[in-house]
Each structure stands twice: as structure tokens, then as C-alpha cells.
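For reference, the structure discussed in these notes is given below.
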Amino acid sequence: MDINEIFLSMKGLFDSGGFVMPPLLFCTMMLWYGLGYRYWTLKQSYSMGVRDMLIFYQKNPQAPVKGILDDAVKRGLVLKQQGFVNFRRHLDSSFSGYDKEMRKFAVLIKIIVMIAPLLGLLGTVSGMIETFDSLASMALFTQSGGIAGGISQALFTTQMGLAVAIPGVLIQSTLNRRQINLQNDLAQVKDLLCSQA
């Protein structure tokens, strides 16, 4: 398949969907960018438990970090060595950036997942209005072909809106579970560091 064929098929998709296709395409790109960013941020690169990770980084302080939890353990150990009086408060303020990082793009993804089916429905309604407008001016014996083509065009946008939203809902729910697990692990890091202090 060459570039010309790809361009013609994309043009056919845009013609089938009408004026809601550019916003749907923009929503699709933003959705997958946000999902990719969250996946990369929340990836679990560690294969050991929190206690083992604390022991590992105490013995190997120069070891590279691979994710949020590794970085939190390493930062917590550095703060512990500095001997702060209110150690828990310093840990909380130091770890607050991780919470912001884990939540980044979560609201945007939720909004796009809600908007995409509505944009598809808007395209369907406008397509049906055009179909019934053309039906008013058509002769009775030619109505069946025009109606079928118009309804097919109108329903394409609903299908596109659902095709954008459904994968977003599924992947976002998986990422939200991963975020909750990571937040629990960060809380465990704080508890363990405070109990050692």
C-alpha cells in the first residue's frame, strides 16, 4: 500500500464522517498520547518487594533507578541520612511530586473518553438530518437507495466515537489499578523508612 492509497482511504474516512471527523481524530491523538505517557510513568520496572528494594538501595546507593518507586526509595534513603527532626513531614513533601506525576493526563483521558461517543452521536444526528432533508426533495421510487446510503454515513461517526472511547476506558482502568498499587507501595516505603528512623 503506497502513500497515495493511504491518503485516499483517509480522505474516504473523513468524507464518510463529515465535520466531526477532525475533532475525533484530534481526540484520538490526545487520548493515545495521554495513555502512553501514563503507561510509561506507571510502568513497574522492579521485580522485588518494597522491603527488598530498601535493603538493595541501602547496600547499593549508586544503582540506577528504573521507575517512580525506585526513585522514591533512593530519595527516602538520602533524606533519612540527613537526619531531619520531622522525618515523616519531609518524606510527605518530597513524595508529593510523585503523586502529581502519576495523576498527569488522567483527567484529560477521562474527558476524551466521555466526549468521543458524544461527538460520534453529533455526527449521526447531523447525518440523519441531512438524510431526511434529502428525502424531502427525492422522488418516491428513488428513496430507498438514498436513505440507506445516508444512514450508513450517519452511523459511521457513532462507530468511530465508540472505537475511540472503548479502548481508552479499558486501558485507563488498568492504569488506574496500577496507580493505586504504586501509591500503596509509596505509602509502604514511607512507613518502613519512618520505622527505621
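Each chain in the C-alpha cells gets a letter, A, B, ..., in the order shown, and its residues are numbered from 1; ligands are numbered from 1 in order too.
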
- Neighbour list for region 154-161 of chain A as a count of residues only, cut-off 12 Å, only C-alpha atoms, skip fewer than 6 positions in-chain: 42

- Among the residues A:Met102, A:Leu170, A:Ile68, A:Leu77, the one that comes closest to Leu54 (chain A) [using only C-alpha atoms]: A:Leu77

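Checking A:Arg51, A:Lys59, A:Trp32, A:Val107 one by one against Ala165 (chain A), counting only C-alpha atoms, you find the shortest gap at A:Trp32.
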
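Comparing the minimum interatomic distances between Asn176 (chain A) and each of A:Leu192, A:Ala63, A:Val50, A:Ile109, counting only C-alpha atoms, we find that A:Ile109 sits nearest.
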